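Trainee: Got a structure for you, questions after.
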Amino acid sequence: MKKIGAVLLTLLACLVMLEIGLRAIGRGPTNMADGTAEQDGDSFRLKKNSTKVIKYPAYTYTMHTNEFGFRDRSTGRRDLAGKPFYAFLGASDVFGNGVEYEDSFVGIFAAEAKKKGYEVLNLAIGGHFFLDGEDILKKFIKETGYKPATVVFCANALHIPVFDRRNKNVIVKSGYPMERDNWRVTYVRLLAGNVSSAFCFFRDGIRRIQERYLDYEAISKSPPEFIRAYAKANPIRDPERLKDFEAFLAGFEAFCRENAIALVYVHLPLSDSFKLADMLTMLGADPDDYDASFYGDLMRSHCTRAGLPLVDPTPVLQAHYAAGRELRFKLDPHYNGFANRVIGEYLAEALLGALPGSPEER
Amino acid sequence: MRSKIFSWIADNKMPIILTFEIFWILVFVLDRVTNVNSVDVPQFVYVNF
């Protein structure tokens with residue numbers, strides 16, 4: 001017991017020395033600023049007119065929000081009066097996690113749309129589900145009176161199975177959204193990152209070892225969730241569940257029709273879907289129990305029945321992947337800058353008839 | 001008071017030295033890993049898909 005006390009006291013003294021040393025050489029805690037979220041009922045949304053440099057182990061980028069609290073090129077006012085505009089709905093992949101706004105596929109599409117006289121709003125927020133996005137859109141229309149000419153509804157394999165889920169138990173502390181039930185543990189980690197250089201030093205060092213030497217790729221629980229999404233046993237394949245999904249889409253389509261909003265669906269394949277077979281082999285799972293094409297096929301058949309356009313960049317991304325191009329960040333499964341550019345140009349071509357850049361660049 | 005502290009340190013010399021050495025070796029290793037080719041400073045991850 002006495003020895004354990006000595007070890008703990010020595011550790012404490014070493015941590016204090018490390019803390020002082022790190023600060024002395026200018027390596028302060030990394031989470032000095034507030035987070036980017038604000039409470040929105042029992043959910044969350046982005047703060048309006050805010051700028052934050054997001055620094056993760058996987059990437060660093062700057063996020064600006066406009067007067068409506070949507071990710072944009074810069075903070076400030078957006079003059080939408082009398083102008084047709086596209087509104088993108090989705091989650092972190094549409095938000096553009098990991099890349100600057102201009103390099104996100106929405107930003108690339110927006111640059112091309114501008115040339116054709118269209119504005120673009122990116123209503124996507126990381127961590128949001130379909131219902132959260134729908135809620136954000138309806139609130140935006142109600143509060144501002146602006147109606148998008150076209151809504152671009154982006155769907156992926158992680159969100160279709162949970163189409164009826166929404167954030168409803170979220171608490172925002174210091175600008176960071178967290179589950180209300182267990183927010184204290186998350187908040188302590190956040191505070192530790194806010195106040196302790198030593199905590200950040202160990203956290204970052206361990207992440208880098210994982211990245212460099214352990215072939216560590218995806219963070220959090222995304223690999224198992226990602227694998228489950230493609231399982232043929234996934235509950236979304238149940239006919240009743242599929243009927244509910246169709247009904248959800250039909251409800252949203254009715255809303256768009258009532259408001260004279262054109263609707264375009266986009267199926268965004270997950271970056272790791274292209275190596276599903278390899279991952280299944282590594283896990284010792286039977287590839288016959290999984291199907292990476294299910295969600296693309298599902299959206300295609302729905303759009304055919306509903307008479308609505310679908311844009312699906314899967315083939316072009318697949319071609320790049322087959323040619324050996326990396327589509328994601330090493331430490332995070334979101335699309336990297338290259339994949340964002342491919343998707344943005346594909347969307348511009350499909351929706352605007354625009355083909356930015358030379359063929360060689362594409 | 002001071003003699004008490006010195007006596008406590010003398011009594012626990014081995015665990016204190018071992019902890020001290022292991023801690024700073026770990027810091028050295030992590031620092032090497034973090035500094036080689038690192039361009040960004042990580043931050044708390046709160047948003048994913």
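Residues are referred to by chain and number: the chain letter is A, B, ... according to the order shown in the structure tokens, the number counts from 1 in that chain, and ligands are numbered separately from 1 in the order shown.
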So which residues touch Ile236 of chain A within 12 Å, counting only C-alpha atoms, skipping near sequence neighbours fewer than 4 positions away, as a VMD selection string?

Mentor: chain A and resid 157 to 164 228 to 232 240 to 246 294 to 295 298

Trainee: Give me, as an NGL selection string, all polymer residues having an atom no more than 8 Å from segment 170-177 of chain A, counting only C-alpha atoms and skipping those fewer than 6 positions away in the same chain.

Mentor: (:A and (34-39 or 42-44 or 183 or 187)) or (:B and (46))

Trainee: For the selection just defined, write its residues with C-alpha atoms to a file, as a CSV table (one decimal), in the first residue's frame.

Mentor:
```csv
chain,number,residue,atom,x,y,z
A,34,ASP,CA,-15.4,26.6,-27.2
A,35,GLY,CA,-17.0,24.0,-29.4
A,36,THR,CA,-19.2,24.8,-32.4
A,37,ALA,CA,-22.6,23.6,-31.3
A,38,GLU,CA,-25.5,25.2,-29.5
A,39,GLN,CA,-28.6,23.7,-28.0
A,42,ASP,CA,-33.3,18.5,-27.2
A,43,SER,CA,-30.9,18.3,-30.1
A,44,PHE,CA,-28.1,20.5,-31.3
A,183,TRP,CA,-22.4,13.7,-20.4
A,187,TYR,CA,-17.3,16.6,-20.3
B,46,TYR,CA,-17.0,14.8,-31.0
```

Trainee: For atom CA of Val120 of chain A and atom CA of Pro84 of chain A, determine how far apart the two atoms are, in Å to one decimal place.

Mentor: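 Separation between atom CA of Val120 of chain A and atom CA of Pro84 of chain A: 8.7 Å.
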
Trainee: May I ask you to extract the residues of chain A within 7 Å of chain B, using only C-alpha atoms, and to give them as a ChimeraX atom specification?

Mentor: /A:3,6-7,10-11,14,30-31,55-57,60,91-93,126-127,190,204-205,208-209

Trainee: Please identify which residues in segment 182-362 of chain A DSSP calls alpha helix (DSSP H) from the backbone, and express them as a PDB file with C-alpha atoms, in the first residue's frame.

Mentor:
```pdb
ATOM      1  CA  TRP A 183     -22.399  13.728 -20.373  1.00  0.00           C
ATOM      2  CA  ARG A 184     -20.252  14.066 -17.268  1.00  0.00           C
ATOM      3  CA  VAL A 185     -17.616  11.521 -18.403  1.00  0.00           C
ATOM      4  CA  THR A 186     -17.419  13.122 -21.843  1.00  0.00           C
ATOM      5  CA  TYR A 187     -17.290  16.566 -20.278  1.00  0.00           C
ATOM      6  CA  VAL A 188     -14.417  15.569 -17.960  1.00  0.00           C
ATOM      7  CA  ARG A 189     -12.432  14.366 -21.017  1.00  0.00           C
ATOM      8  CA  LEU A 190     -13.225  17.624 -22.720  1.00  0.00           C
ATOM      9  CA  LEU A 191     -12.174  19.647 -19.690  1.00  0.00           C
ATOM     10  CA  ALA A 192      -8.983  17.588 -19.386  1.00  0.00           C
ATOM     11  CA  GLY A 193      -8.174  18.506 -22.989  1.00  0.00           C
ATOM     12  CA  ASN A 194      -8.997  22.108 -22.190  1.00  0.00           C
ATOM     13  CA  VAL A 195      -6.762  22.471 -19.177  1.00  0.00           C
ATOM     14  CA  SER A 197      -1.114  19.839 -21.812  1.00  0.00           C
ATOM     15  CA  ALA A 198       0.012  16.541 -20.309  1.00  0.00           C
ATOM     16  CA  PHE A 199      -3.373  14.936 -21.059  1.00  0.00           C
ATOM     17  CA  CYS A 200      -3.186  16.134 -24.671  1.00  0.00           C
ATOM     18  CA  PHE A 201       0.410  14.924 -24.926  1.00  0.00           C
ATOM     19  CA  PHE A 202      -0.463  11.356 -23.917  1.00  0.00           C
ATOM     20  CA  ARG A 203      -3.708  11.284 -25.902  1.00  0.00           C
ATOM     21  CA  ASP A 204      -2.021  12.484 -29.075  1.00  0.00           C
ATOM     22  CA  GLY A 205       1.023  10.274 -28.639  1.00  0.00           C
ATOM     23  CA  ILE A 206      -1.082   7.146 -28.206  1.00  0.00           C
ATOM     24  CA  ARG A 207      -3.157   8.060 -31.290  1.00  0.00           C
ATOM     25  CA  ARG A 208      -0.009   8.500 -33.347  1.00  0.00           C
ATOM     26  CA  ILE A 209       1.398   5.144 -32.226  1.00  0.00           C
ATOM     27  CA  GLN A 210      -1.883   3.526 -33.240  1.00  0.00           C
ATOM     28  CA  GLU A 211      -1.733   5.256 -36.597  1.00  0.00           C
ATOM     29  CA  ARG A 212       1.910   4.578 -37.329  1.00  0.00           C
ATOM     30  CA  TYR A 213       2.586   1.139 -35.963  1.00  0.00           C
ATOM     31  CA  SER A 222     -17.557   2.863 -36.932  1.00  0.00           C
ATOM     32  CA  PRO A 223     -16.040  -0.428 -38.223  1.00  0.00           C
ATOM     33  CA  PRO A 224     -18.578  -2.710 -36.524  1.00  0.00           C
ATOM     34  CA  GLU A 225     -21.438  -0.337 -37.330  1.00  0.00           C
ATOM     35  CA  PHE A 226     -20.185  -0.040 -40.885  1.00  0.00           C
ATOM     36  CA  ILE A 227     -19.975  -3.810 -41.251  1.00  0.00           C
ATOM     37  CA  ARG A 228     -23.439  -4.302 -39.743  1.00  0.00           C
ATOM     38  CA  ALA A 229     -24.948  -1.786 -42.138  1.00  0.00           C
ATOM     39  CA  PRO A 239     -40.103  -5.765 -45.757  1.00  0.00           C
ATOM     40  CA  GLU A 240     -42.074  -3.892 -43.082  1.00  0.00           C
ATOM     41  CA  ARG A 241     -39.067  -1.747 -42.216  1.00  0.00           C
ATOM     42  CA  LEU A 242     -38.469  -1.018 -45.889  1.00  0.00           C
ATOM     43  CA  LYS A 243     -42.115  -0.022 -46.222  1.00  0.00           C
ATOM     44  CA  ASP A 244     -41.641   2.415 -43.309  1.00  0.00           C
ATOM     45  CA  PHE A 245     -38.531   3.828 -44.986  1.00  0.00           C
ATOM     46  CA  GLU A 246     -40.438   4.332 -48.229  1.00  0.00           C
ATOM     47  CA  ALA A 247     -43.208   6.029 -46.248  1.00  0.00           C
ATOM     48  CA  PHE A 248     -40.668   8.336 -44.618  1.00  0.00           C
ATOM     49  CA  LEU A 249     -39.274   9.316 -48.008  1.00  0.00           C
ATOM     50  CA  ALA A 250     -42.791   9.753 -49.398  1.00  0.00           C
ATOM     51  CA  GLY A 251     -43.608  12.097 -46.501  1.00  0.00           C
ATOM     52  CA  PHE A 252     -40.567  14.231 -47.207  1.00  0.00           C
ATOM     53  CA  GLU A 253     -41.343  14.240 -50.918  1.00  0.00           C
ATOM     54  CA  ALA A 254     -44.888  15.435 -50.158  1.00  0.00           C
ATOM     55  CA  PHE A 255     -43.441  18.282 -48.077  1.00  0.00           C
ATOM     56  CA  CYS A 256     -41.213  19.297 -50.987  1.00  0.00           C
ATOM     57  CA  ARG A 257     -44.114  19.148 -53.451  1.00  0.00           C
ATOM     58  CA  GLU A 258     -46.326  21.275 -51.196  1.00  0.00           C
ATOM     59  CA  LEU A 276     -15.752  -4.374 -47.679  1.00  0.00           C
ATOM     60  CA  ALA A 277     -14.654  -7.730 -49.065  1.00  0.00           C
ATOM     61  CA  ASP A 278     -11.115  -7.280 -47.708  1.00  0.00           C
ATOM     62  CA  MET A 279     -12.411  -6.234 -44.314  1.00  0.00           C
ATOM     63  CA  LEU A 280     -14.764  -9.204 -44.140  1.00  0.00           C
ATOM     64  CA  THR A 281     -11.907 -11.531 -45.011  1.00  0.00           C
ATOM     65  CA  MET A 282      -9.831 -10.014 -42.230  1.00  0.00           C
ATOM     66  CA  LEU A 283     -12.701 -10.517 -39.808  1.00  0.00           C
ATOM     67  CA  PHE A 294     -27.849  -2.738 -51.262  1.00  0.00           C
ATOM     68  CA  TYR A 295     -28.294   0.937 -50.377  1.00  0.00           C
ATOM     69  CA  GLY A 296     -27.471   2.230 -53.836  1.00  0.00           C
ATOM     70  CA  ASP A 297     -29.930  -0.248 -55.329  1.00  0.00           C
ATOM     71  CA  LEU A 298     -32.544   0.677 -52.730  1.00  0.00           C
ATOM     72  CA  MET A 299     -32.321   4.395 -53.507  1.00  0.00           C
ATOM     73  CA  ARG A 300     -32.289   3.693 -57.253  1.00  0.00           C
ATOM     74  CA  SER A 301     -35.433   1.579 -57.145  1.00  0.00           C
ATOM     75  CA  HIS A 302     -37.183   4.147 -54.941  1.00  0.00           C
ATOM     76  CA  CYS A 303     -36.292   7.012 -57.254  1.00  0.00           C
ATOM     77  CA  THR A 304     -37.451   5.036 -60.283  1.00  0.00           C
ATOM     78  CA  ARG A 305     -40.819   4.385 -58.631  1.00  0.00           C
ATOM     79  CA  ALA A 306     -41.154   7.969 -57.357  1.00  0.00           C
ATOM     80  CA  THR A 314     -20.334   5.187 -56.600  1.00  0.00           C
ATOM     81  CA  PRO A 315     -18.995   4.078 -60.031  1.00  0.00           C
ATOM     82  CA  VAL A 316     -16.539   6.962 -60.361  1.00  0.00           C
ATOM     83  CA  LEU A 317     -15.330   6.559 -56.770  1.00  0.00           C
ATOM     84  CA  GLN A 318     -15.037   2.815 -57.295  1.00  0.00           C
ATOM     85  CA  ALA A 319     -12.908   3.422 -60.386  1.00  0.00           C
ATOM     86  CA  HIS A 320     -10.557   5.704 -58.467  1.00  0.00           C
ATOM     87  CA  TYR A 321     -10.324   3.215 -55.616  1.00  0.00           C
ATOM     88  CA  ALA A 322      -9.564   0.401 -58.069  1.00  0.00           C
ATOM     89  CA  GLY A 337      -9.949  16.130 -50.239  1.00  0.00           C
ATOM     90  CA  PHE A 338      -9.476  14.053 -53.380  1.00  0.00           C
ATOM     91  CA  ALA A 339     -12.734  12.116 -52.938  1.00  0.00           C
ATOM     92  CA  ASN A 340     -14.593  15.332 -52.102  1.00  0.00           C
ATOM     93  CA  ARG A 341     -13.377  16.838 -55.349  1.00  0.00           C
ATOM     94  CA  VAL A 342     -14.473  13.783 -57.313  1.00  0.00           C
ATOM     95  CA  ILE A 343     -17.942  13.875 -55.728  1.00  0.00           C
ATOM     96  CA  GLY A 344     -18.295  17.647 -56.093  1.00  0.00           C
ATOM     97  CA  GLU A 345     -17.402  17.558 -59.775  1.00  0.00           C
ATOM     98  CA  TYR A 346     -19.686  14.586 -60.348  1.00  0.00           C
ATOM     99  CA  LEU A 347     -22.589  16.441 -58.725  1.00  0.00           C
TER     100      LEU A 347
END
```
